[in-house]
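Undergrad: Okay, so here is coords-v4.pdb, and as you'll see once you scroll down, it has PDB, C-alpha atoms.
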```pdb
ATOM      1  CA  MET F   1      51.477 -10.421 165.591
ATOM      2  CA  PRO F   2      48.341 -10.786 163.477
ATOM      3  CA  LEU F   3      47.560 -14.102 161.884
ATOM      4  CA  PRO F   4      47.594 -14.360 158.076
ATOM      5  CA  ARG F   5      44.243 -14.251 156.361
ATOM      6  CA  PRO F   6      43.026 -17.769 155.514
ATOM      7  CA  ASP F   7      42.386 -16.828 151.876
ATOM      8  CA  ALA F   8      45.799 -15.203 151.457
ATOM      9  CA  ALA F   9      48.220 -17.609 149.826
ATOM     10  CA  ALA F  10      51.753 -17.541 151.209
ATOM     11  CA  GLN F  11      54.397 -16.711 148.637
ATOM     12  CA  PRO F  12      57.609 -18.649 149.352
ATOM     13  CA  SER F  13      60.860 -17.247 148.009
ATOM     14  CA  ALA F  14      64.302 -18.651 147.345
ATOM     15  CA  ALA F  15      65.510 -17.292 150.710
ATOM     16  CA  GLY F  16      62.953 -19.427 152.597
ATOM     17  CA  HIS F  17      60.595 -16.578 153.440
ATOM     18  CA  ALA F  18      56.838 -17.076 153.059
ATOM     19  CA  THR F  19      54.921 -13.810 153.002
ATOM     20  CA  SER F  20      51.200 -13.130 153.184
ATOM     21  CA  THR F  21      48.869 -10.347 154.273
ATOM     22  CA  ALA F  22      46.971  -9.965 157.534
ATOM     23  CA  GLU F  23      44.067  -7.748 158.565
ATOM     24  CA  ARG F  24      44.234  -5.579 161.676
ATOM     25  CA  GLY F  25      41.044  -3.592 162.000
ATOM     26  CA  SER F  26      40.696  -1.435 158.898
ATOM     27  CA  PHE F  27      44.377  -1.899 158.054
ATOM     28  CA  CYS F  28      46.222  -4.577 156.115
ATOM     29  CA  LEU F  29      49.880  -5.451 156.570
ATOM     30  CA  ALA F  30      52.404  -7.843 155.127
ATOM     31  CA  VAL F  31      53.724 -10.612 157.390
ATOM     32  CA  CYS F  32      56.507 -13.148 156.917
ATOM     33  CA  THR F  33      57.398 -16.468 158.517
ATOM     34  CA  CYS F  34      60.714 -14.919 159.635
ATOM     35  CA  GLY F  35      58.829 -12.556 161.975
ATOM     36  CA  TRP F  36      59.006  -9.454 159.772
ATOM     37  CA  THR F  37      55.890  -7.284 159.441
ATOM     38  CA  GLY F  38      55.387  -4.440 157.032
ATOM     39  CA  PRO F  39      53.751  -1.119 157.809
ATOM     40  CA  ALA F  40      49.982  -1.034 158.311
ATOM     41  CA  ARG F  41      48.299   0.113 155.122
ATOM     42  CA  ARG F  42      44.727   0.965 154.212
ATOM     43  CA  SER F  43      45.443  -0.361 150.720
ATOM     44  CA  ARG F  44      45.624  -4.148 150.431
ATOM     45  CA  ASP F  45      47.483  -3.742 147.146
ATOM     46  CA  LEU F  46      50.285  -1.779 148.847
ATOM     47  CA  ALA F  47      50.511  -4.414 151.577
ATOM     48  CA  ARG F  48      50.859  -7.107 148.893
ATOM     49  CA  LYS F  49      53.623  -5.073 147.244
ATOM     50  CA  ASP F  50      55.404  -4.754 150.612
ATOM     51  CA  ALA F  51      55.219  -8.545 150.975
ATOM     52  CA  ALA F  52      56.580  -9.096 147.470
ATOM     53  CA  ARG F  53      59.519  -6.744 148.106
ATOM     54  CA  HIS F  54      60.437  -8.179 151.530
ATOM     55  CA  PRO F  55      62.684 -11.113 150.517
ATOM     56  CA  ALA F  56      64.540  -8.880 148.062
ATOM     57  CA  GLY F  57      65.244  -6.269 150.755
TER      58      GLY F  57
END
```
Spit out the file's structure as structure tokens when you get a sec.

TA:
Amino acid sequence: MPLPRPDAAAQPSAAGHATSTAERGSFCLAVCTCGWTGPARRSRDLARKDAARHPAG
């Protein structure tokens, strides 16, 4: 599992999840403290949106 980027602030939610983004080569993906990872994206913005939607899903 990739480590979160140091400049990416974790976003805690009411459910206790803290999401952030991580870089893997030329891809970016959303990661959560619960172990969930989103799909690898070339767009950082889409990875951030995946992270924001995770606790709701």

Undergrad: Env of Thr33 (chain F): 9 Å cut, atoms = all atoms listed in the file, seq-sep filter 6 positions within chain, self excluded. Answer as a list in words.

TA: Gly16, His17, Ala18, Thr19 and Ser20 of chain F

Undergrad: Using only the atoms of region 17-23 of chain F listed in the file, plus 5 Å on each side, state the axis-aligned box centre and edge lengths in Å rounded to one decimal, as JSON.

TA:
```
{"center_x": 52.3, "center_y": -12.4, "center_z": 155.8, "size_x": 26.5, "size_y": 19.3, "size_z": 15.6}
```

Undergrad: Quick one: pull the distance between CA of Gly25 (chain F) and CA of Arg53 (chain F), Å, one decimal.

TA: 23.3 Å

Undergrad: Taking 4 positions as the minimum chain separation for residues in the same chain, which residues sit within 8 Å of Gly38 (chain F) when counting only C-alpha atoms? Answer as a list in words.

TA: Leu29, Ala30, Val31, Ala47, Asp50 and Ala51 of chain F

Undergrad: So the first atom is CA of Ser26 (chain F) and the second is CA of Arg41 (chain F); what is the distance between them in Å, to one decimal place?

TA: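 Between CA of Ser26 (chain F) and CA of Arg41 (chain F) the gap works out to 8.6 Å.
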
Undergrad: State, in Å with one decimal place, the distance from CA of Ala40 (chain F) to CA of Ala22 (chain F).

TA: 9.5 Å

Undergrad: So which one's closest to His54 (chain F), F:Cys28, F:Trp36, F:Arg42, F:Glu23? Using only C-alpha atoms, please.

TA: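 Nearest to His54 (chain F): F:Trp36.
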